[in-house]
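Raw contents of run_24.tsv, TSV, C-alpha atoms:
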```tsv
chain	number	residue	atom	x	y	z
A	95	MET	CA	159.86	50.11	99.40
A	96	SER	CA	158.18	52.94	101.33
A	97	SER	CA	156.72	52.42	104.79
A	98	GLN	CA	153.17	52.90	103.48
A	99	ALA	CA	153.70	50.28	100.75
A	100	ALA	CA	155.21	47.88	103.28
A	101	ALA	CA	152.22	48.37	105.58
A	102	ALA	CA	149.84	47.73	102.69
A	103	VAL	CA	151.63	44.47	101.90
A	104	LYS	CA	151.57	43.28	105.51
A	105	THR	CA	147.96	44.28	106.23
A	106	PRO	CA	145.60	41.39	105.38
A	107	GLY	CA	142.65	42.17	103.11
A	108	ARG	CA	139.02	42.07	104.14
A	109	LEU	CA	138.46	38.75	102.34
A	110	ALA	CA	141.42	37.18	104.16
A	111	LEU	CA	140.16	38.42	107.52
A	112	THR	CA	136.68	37.06	106.78
A	113	GLY	CA	138.16	33.68	105.87
A	114	LEU	CA	140.21	33.71	109.06
A	115	ALA	CA	137.08	34.43	111.11
A	116	LEU	CA	135.36	31.39	109.56
A	117	VAL	CA	138.16	28.92	110.30
A	118	PHE	CA	137.19	28.14	113.89
A	119	PRO	CA	133.36	27.87	113.51
A	120	VAL	CA	133.63	25.83	110.28
A	121	THR	CA	136.17	23.47	111.86
A	122	LEU	CA	133.95	23.08	114.92
A	123	LEU	CA	130.85	22.33	112.80
A	124	VAL	CA	132.70	19.77	110.65
A	125	LEU	CA	134.06	18.02	113.75
A	126	TRP	CA	130.58	18.08	115.32
A	127	GLN	CA	129.04	16.57	112.17
A	128	VAL	CA	131.66	13.81	111.96
A	129	LEU	CA	131.40	12.85	115.65
A	130	GLY	CA	127.60	12.83	115.49
A	131	HIS	CA	127.49	10.89	112.24
A	132	TYR	CA	129.65	8.08	113.63
A	133	GLY	CA	127.79	8.00	116.95
A	134	TYR	CA	130.51	9.37	119.21
A	135	ILE	CA	128.07	11.93	120.65
A	136	SER	CA	124.40	11.52	121.46
A	137	GLU	CA	122.08	12.46	118.59
A	138	LEU	CA	119.36	13.27	121.14
A	139	LEU	CA	121.48	15.73	123.12
A	140	PHE	CA	123.64	17.02	120.26
A	141	PRO	CA	121.90	16.61	116.90
A	142	THR	CA	124.28	17.05	113.99
A	143	PRO	CA	124.50	20.39	112.16
A	144	TYR	CA	122.85	18.76	109.14
A	145	THR	CA	119.83	17.74	111.28
A	146	ILE	CA	119.64	21.26	112.75
A	147	ILE	CA	119.75	22.83	109.28
A	148	GLU	CA	116.97	20.50	108.12
A	149	SER	CA	114.88	21.54	111.13
A	150	GLY	CA	115.56	25.22	110.44
A	151	ILE	CA	114.56	24.87	106.79
A	152	SER	CA	111.34	23.13	107.83
A	153	LEU	CA	110.49	25.89	110.31
A	154	ALA	CA	111.29	28.57	107.75
A	155	ALA	CA	109.17	26.87	105.09
A	156	SER	CA	106.18	26.66	107.43
A	157	GLY	CA	106.55	30.34	108.36
A	158	ASP	CA	106.83	29.65	112.10
A	159	LEU	CA	110.46	30.72	112.27
A	160	TRP	CA	109.88	34.09	110.56
A	161	THR	CA	106.82	34.82	112.70
A	162	ASN	CA	108.72	34.16	115.91
A	163	ILE	CA	111.76	36.14	114.71
A	164	ARG	CA	109.56	39.13	113.92
A	165	VAL	CA	107.95	39.04	117.37
A	166	SER	CA	111.31	38.71	119.14
A	167	VAL	CA	112.99	41.47	117.10
A	168	ILE	CA	110.15	43.91	117.83
A	169	ARG	CA	110.36	43.15	121.56
A	170	ALA	CA	114.15	43.54	121.59
A	171	LEU	CA	114.02	46.84	119.69
A	172	LEU	CA	111.30	48.27	121.93
A	173	GLY	CA	113.12	47.20	125.09
A	174	PHE	CA	116.46	48.50	123.87
A	175	GLY	CA	114.89	51.76	122.72
A	176	LEU	CA	113.23	52.34	126.08
A	177	GLY	CA	116.04	51.17	128.35
A	178	GLY	CA	118.86	52.54	126.22
A	179	SER	CA	117.35	56.00	125.83
A	180	LEU	CA	116.67	56.25	129.58
A	181	GLY	CA	120.19	55.02	130.32
A	182	LEU	CA	121.64	57.68	128.02
A	183	VAL	CA	119.56	60.50	129.55
A	184	PHE	CA	120.28	59.47	133.14
A	185	GLY	CA	123.96	58.91	132.33
A	186	ILE	CA	124.26	62.42	130.91
A	187	ALA	CA	122.42	63.96	133.86
A	188	VAL	CA	124.47	62.12	136.48
A	189	GLY	CA	127.72	62.68	134.60
A	190	LEU	CA	127.21	66.42	134.23
A	191	PHE	CA	125.97	67.32	137.69
A	192	ARG	CA	127.53	66.23	140.98
A	193	ARG	CA	124.30	66.79	142.91
A	194	THR	CA	122.36	64.58	140.49
A	195	GLU	CA	124.98	61.89	140.97
A	196	LYS	CA	124.56	62.00	144.75
A	197	LEU	CA	120.78	61.95	144.38
A	198	LEU	CA	120.33	59.16	141.81
A	199	ASP	CA	123.46	57.03	141.43
A	200	PRO	CA	123.27	55.08	144.75
A	201	SER	CA	119.67	54.03	144.04
A	202	ILE	CA	120.44	53.12	140.43
A	203	GLN	CA	123.44	51.03	141.48
A	204	MET	CA	121.31	49.24	144.06
A	205	ILE	CA	118.69	48.40	141.42
A	206	ARG	CA	121.46	47.24	139.06
A	207	MET	CA	122.43	44.54	141.55
A	208	ILE	CA	118.96	42.96	141.48
A	209	PRO	CA	118.98	39.97	139.08
A	210	SER	CA	116.42	40.05	136.28
A	211	LEU	CA	115.07	36.65	137.34
A	212	ALA	CA	114.29	38.10	140.78
A	213	VAL	CA	111.93	40.75	139.37
A	214	VAL	CA	110.18	38.49	136.87
A	215	PRO	CA	107.43	37.44	139.37
A	216	LEU	CA	106.77	41.09	140.25
A	217	PHE	CA	106.63	42.16	136.62
A	218	ILE	CA	104.15	39.38	135.87
A	219	LEU	CA	102.01	40.42	138.86
A	220	TRP	CA	102.12	44.09	137.92
A	221	PHE	CA	101.87	43.90	134.12
A	222	GLY	CA	100.63	40.36	133.41
A	223	ILE	CA	102.20	38.10	130.80
A	224	GLY	CA	101.55	40.55	127.95
A	225	GLU	CA	104.07	42.58	126.01
A	226	GLU	CA	104.53	45.20	128.73
A	227	SER	CA	106.31	42.88	131.16
A	228	LYS	CA	108.59	41.50	128.45
A	229	VAL	CA	109.56	44.92	127.08
A	230	LEU	CA	110.24	46.23	130.59
A	231	LEU	CA	112.44	43.22	131.42
A	232	ILE	CA	114.47	43.89	128.28
A	233	ALA	CA	114.59	47.62	129.08
A	234	LYS	CA	115.96	46.84	132.55
A	235	SER	CA	118.78	44.85	130.97
A	236	ALA	CA	119.54	47.55	128.38
A	237	PHE	CA	119.50	50.50	130.81
A	238	PHE	CA	122.61	49.94	132.91
A	239	PRO	CA	125.43	49.48	130.34
A	240	LEU	CA	124.50	52.73	128.57
A	241	TYR	CA	124.01	54.54	131.87
A	242	ILE	CA	127.38	53.50	133.31
A	243	ASN	CA	129.40	54.03	130.13
A	244	THR	CA	127.82	57.42	129.44
A	245	PHE	CA	128.57	58.50	132.99
A	246	LEU	CA	132.17	57.28	132.77
A	247	GLY	CA	132.66	58.81	129.32
A	248	ILE	CA	131.60	62.24	130.56
A	249	ARG	CA	133.68	62.06	133.73
A	250	ASN	CA	136.76	60.99	131.73
A	251	VAL	CA	136.67	64.06	129.47
A	252	ASP	CA	139.95	65.96	129.84
A	253	ASN	CA	139.42	68.96	132.12
A	254	LYS	CA	141.71	71.06	129.91
A	255	LEU	CA	139.06	70.96	127.21
A	256	PHE	CA	136.68	72.78	129.54
A	257	GLU	CA	139.26	75.50	130.06
A	258	VAL	CA	139.54	75.91	126.29
A	259	ALA	CA	135.73	76.06	126.05
A	260	ARG	CA	135.60	78.81	128.67
A	261	VAL	CA	138.26	80.79	126.81
A	262	LEU	CA	136.25	80.47	123.59
A	263	GLY	CA	133.13	81.63	125.42
A	264	PHE	CA	131.09	78.44	124.87
A	265	SER	CA	127.72	78.36	126.58
A	266	ARG	CA	126.78	75.35	128.72
A	267	LEU	CA	124.74	73.91	125.84
A	268	LYS	CA	127.65	74.28	123.42
A	269	GLN	CA	129.99	72.65	125.92
A	270	VAL	CA	127.68	69.63	126.12
A	271	THR	CA	126.93	69.27	122.39
A	272	ARG	CA	130.31	70.22	120.92
A	273	LEU	CA	132.72	69.11	123.59
A	274	ILE	CA	131.43	66.70	126.23
A	275	LEU	CA	129.27	64.33	124.15
A	276	PRO	CA	131.77	64.01	121.23
A	277	ALA	CA	134.56	63.25	123.71
A	278	ALA	CA	132.37	60.71	125.53
A	279	LEU	CA	131.11	59.12	122.29
A	280	PRO	CA	133.48	56.09	122.36
A	281	ASN	CA	132.15	55.13	125.80
A	282	ILE	CA	128.56	55.79	124.76
A	283	ILE	CA	128.84	53.52	121.72
A	284	LEU	CA	130.51	50.84	123.82
A	285	GLY	CA	127.58	51.10	126.24
A	286	ALA	CA	125.15	50.79	123.32
A	287	ARG	CA	126.85	47.60	122.10
A	288	LEU	CA	126.74	46.10	125.58
A	289	SER	CA	123.10	47.15	125.95
A	290	VAL	CA	122.14	45.45	122.69
A	291	GLY	CA	123.78	42.23	123.85
A	292	LEU	CA	122.00	42.34	127.20
A	293	SER	CA	118.73	43.17	125.43
A	294	TRP	CA	118.91	39.80	123.68
A	295	LEU	CA	119.69	38.10	127.00
A	296	GLY	CA	116.73	39.87	128.61
A	297	LEU	CA	114.55	38.76	125.71
A	298	VAL	CA	115.52	35.14	126.30
A	299	VAL	CA	114.60	35.44	129.99
A	300	ALA	CA	111.26	37.07	129.16
A	301	GLU	CA	110.27	34.60	126.46
A	302	LEU	CA	111.38	31.46	128.25
A	303	ILE	CA	109.40	32.26	131.39
A	304	ALA	CA	106.11	33.74	130.23
A	305	SER	CA	105.37	33.92	126.53
A	306	THR	CA	103.21	32.42	123.81
A	307	SER	CA	105.33	33.57	120.87
A	308	GLY	CA	108.90	34.44	119.96
A	309	ILE	CA	112.14	32.50	119.59
A	310	GLY	CA	112.40	31.84	123.33
A	311	TYR	CA	108.87	30.41	123.41
A	312	MET	CA	109.68	28.24	120.37
A	313	MET	CA	112.70	26.84	122.23
A	314	SER	CA	110.74	26.27	125.45
A	315	ASP	CA	107.95	24.50	123.56
A	316	ALA	CA	110.49	22.30	121.73
A	317	ARG	CA	112.17	21.41	125.02
A	318	GLN	CA	108.91	20.02	126.40
A	319	PHE	CA	108.69	17.62	123.44
A	320	ALA	CA	112.45	16.82	123.48
A	321	ASP	CA	112.78	18.38	120.02
A	322	THR	CA	116.46	19.25	120.47
A	323	PRO	CA	117.11	20.37	116.86
A	324	VAL	CA	114.53	23.16	117.23
A	325	VAL	CA	116.21	24.27	120.46
A	326	PHE	CA	119.49	24.55	118.59
A	327	VAL	CA	117.76	26.44	115.78
A	328	GLY	CA	116.63	28.98	118.38
A	329	ILE	CA	120.13	29.22	119.87
A	330	PHE	CA	121.73	29.83	116.48
A	331	THR	CA	119.00	32.32	115.58
A	332	PHE	CA	119.75	34.35	118.71
A	333	ALA	CA	123.47	34.16	117.94
A	334	ILE	CA	122.98	35.39	114.36
A	335	LEU	CA	120.64	38.22	115.38
A	336	GLY	CA	123.01	39.28	118.16
A	337	LEU	CA	126.02	39.23	115.83
A	338	PHE	CA	124.13	41.23	113.20
A	339	THR	CA	123.08	43.99	115.61
A	340	ASP	CA	126.55	44.19	117.17
A	341	SER	CA	128.17	44.39	113.71
A	342	LEU	CA	125.74	47.17	112.76
A	343	LEU	CA	126.71	49.18	115.83
A	344	ALA	CA	130.41	48.49	115.15
A	345	LEU	CA	129.93	49.91	111.64
A	346	ILE	CA	128.24	53.00	113.08
A	347	GLU	CA	131.11	53.32	115.55
A	348	ARG	CA	133.70	53.28	112.76
A	349	ARG	CA	131.77	55.94	110.85
A	350	LEU	CA	131.29	58.25	113.83
A	351	LEU	CA	134.82	57.85	115.20
A	352	ARG	CA	136.78	58.22	111.96
A	353	TRP	CA	138.51	61.23	113.53
A	354	LYS	CA	139.94	59.09	116.34
A	355	ASP	CA	143.36	57.47	115.91
A	356	ARG	CA	143.44	53.93	117.25
A	357	TYR	CA	145.40	50.73	117.02
A	358	ASP	CA	144.01	48.36	114.38
A	359	GLY	CA	146.14	45.34	115.25
```
Please render this file's structure as structure tokens.
Amino acid sequence: MSSQAAAAVKTPGRLALTGLALVFPVTLLVLWQVLGHYGYISELLFPTPYTIIESGISLAASGDLWTNIRVSVIRALLGFGLGGSLGLVFGIAVGLFRRTEKLLDPSIQMIRMIPSLAVVPLFILWFGIGEESKVLLIAKSAFFPLYINTFLGIRNVDNKLFEVARVLGFSRLKQVTRLILPAALPNIILGARLSVGLSWLGLVVAELIASTSGIGYMMSDARQFADTPVVFVGIFTFAILGLFTDSLLALIERRLLRWKDRYDG
């Protein structure tokens, strides 16, 4: 048997990998349902998965769930678009030019250390409790991962590639578009995936503190009435949306980095 055939036999198929990924969550949900059904855990604090599903179906049937999901998704996309694009631009500028790094990076790093919860009162004072404050809170969360990873990706480009570019007579623009950014692309995509995850976290902060709509508001409102199943519906909704967006970016990463050899496990 050839080495390629042997590798094909040993490599698990996509269906097998999907089944393997479901083993842990399915086992956990079954155990949770059994313990809750027989009263080993508090139904008030940990409603069973069946009760949570019933609550989710009820919210979906009434339209409340879809309305809140739409509001939250729009906020997350706007915040990620604003913060991520600024992080990419600033990361490129600071990564390419030493003087820009000395001018901007210390201030940006100082701002990065300020917790989002610490600026919430200021954002509410400056922008009110409307959409502006929420989008800017999400943008703040999305900015830094893309900024840092873009900067590091550019600075980690092999210096020998620049020597080759000079020999070939590449202009500065060609160096950036054909050499620097493609070489830094793995870091940039990693930064984008981290930014998406932090965008959802920023959304939760924004909607739990000052909001009248969205998944976070739905959870906060349910908490006041001790409606724990609805809180869990919100948690699982955030988890599903976060997993979907991360999987989408992972798919884009595989398409853009097909040229790159890497270990698949």
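Straight-line separation from atom CA of Ile309 of chain A to atom CA of Leu284 of chain A: 26.3 Å.
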Per residue of segment 115-166 of chain A within 12 Å of segment 333-337 of chain A, note the shortest atom pair and the distance in Å to one decimal, counting all atoms listed in the file, and order the rows by chain and increasing residue number, as CSV.
```
residue,atom,partner,partner_atom,distance
A:Ile163,CA,A:Leu335,CA,9.1
A:Arg164,CA,A:Leu335,CA,11.2
A:Ser166,CA,A:Leu335,CA,10.1
```
Would you put the residues from that selection into a file with C-alpha atoms, as an mmCIF file, in the frame of the given file?
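Generated output (part13.cif):
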```cif
data_model
loop_
_atom_site.group_PDB
_atom_site.id
_atom_site.type_symbol
_atom_site.label_atom_id
_atom_site.label_comp_id
_atom_site.auth_asym_id
_atom_site.auth_seq_id
_atom_site.Cartn_x
_atom_site.Cartn_y
_atom_site.Cartn_z
ATOM 1 C CA ILE A 163 111.760 36.140 114.710
ATOM 2 C CA ARG A 164 109.560 39.130 113.920
ATOM 3 C CA SER A 166 111.310 38.710 119.140
#
```
Enclose all atoms of segment 245-258 of chain A listed in the file in an axis-aligned box, grow every side by 5 Å, and hand back centre and edge lengths in Å to one decimal, as JSON.
```
{"center_x": 135.1, "center_y": 66.6, "center_z": 130.0, "size_x": 23.1, "size_y": 28.6, "size_z": 17.4}
```
### Polymer residues at most 9 Å from Val290 of chain A, only C-alpha atoms, same-chain spacing of 6 or more positions, as number ranges by chain
A: 170-171, 174, 178, 235-236, 336, 339-340
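Among the candidates A:Val229, A:Leu240, A:Val261, A:Ile151, the residue lying nearest to Leu176 of chain A is A:Val229 (atoms considered: only C-alpha atoms).
Picture a line from atom CA of Gly308 of chain A to atom CA of Ile205 of chain A; it runs 27.4 Å.
Put simply, atom CA of Val117 of chain A is 24.8 Å away from atom CA of Arg287 of chain A.
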Phe245 of chain A: which residues within 7 Å, counting all atoms listed in the file, same-chain residues fewer than 2 positions away excluded, as a JSON list (two decimals) with C-alpha atoms, in the frame of the given file?
```json
[["chain", "number", "residue", "atom", "x", "y", "z"],
["A", 185, "GLY", "CA", 123.96, 58.91, 132.33],
["A", 186, "ILE", "CA", 124.26, 62.42, 130.91],
["A", 188, "VAL", "CA", 124.47, 62.12, 136.48],
["A", 189, "GLY", "CA", 127.72, 62.68, 134.60],
["A", 241, "TYR", "CA", 124.01, 54.54, 131.87],
["A", 242, "ILE", "CA", 127.38, 53.50, 133.31],
["A", 243, "ASN", "CA", 129.40, 54.03, 130.13],
["A", 247, "GLY", "CA", 132.66, 58.81, 129.32],
["A", 248, "ILE", "CA", 131.60, 62.24, 130.56],
["A", 249, "ARG", "CA", 133.68, 62.06, 133.73]]
```
### Within 12 Å of segment 152-157 of chain A using all atoms listed in the file, minus same-chain residues under 2 positions, as a ChimeraX atom specification
/A:145-150,159-164,309,312,316,323-325,327-328,331
### Query
Near segment 138-144 of chain A, counting all atoms listed in the file, which residues have an atom at most 8 Å away, once you skip same-chain residues fewer than 6 positions from it, shown as a ChimeraX atom specification?
/A:123,126-127,130-131,322-323
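The shortest atom-to-atom distance to Gly173 of chain A, with all atoms listed in the file taken into account, belongs to A:Ile232 out of A:Leu216, A:Leu129, A:Ile232, A:Leu288.
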Which polymer residues have any atom within 9 Å of an atom of Ser210 of chain A, counting all atoms listed in the file, with same-chain residues fewer than 5 positions away left out, as a PDB file with C-alpha atoms, in the frame of the given file?
```pdb
ATOM      1  CA  LEU A 231     112.440  43.220 131.420  1.00  0.00           C
ATOM      2  CA  LYS A 234     115.960  46.840 132.550  1.00  0.00           C
ATOM      3  CA  SER A 235     118.780  44.850 130.970  1.00  0.00           C
ATOM      4  CA  GLY A 296     116.730  39.870 128.610  1.00  0.00           C
ATOM      5  CA  VAL A 299     114.600  35.440 129.990  1.00  0.00           C
TER       6      VAL A 299
END
```
#### Entry: Residue among A:Ser179, A:Thr306, A:Thr121, A:Ser314 lying closest to Phe238 of chain A, counting all atoms listed in the file
A:Ser179
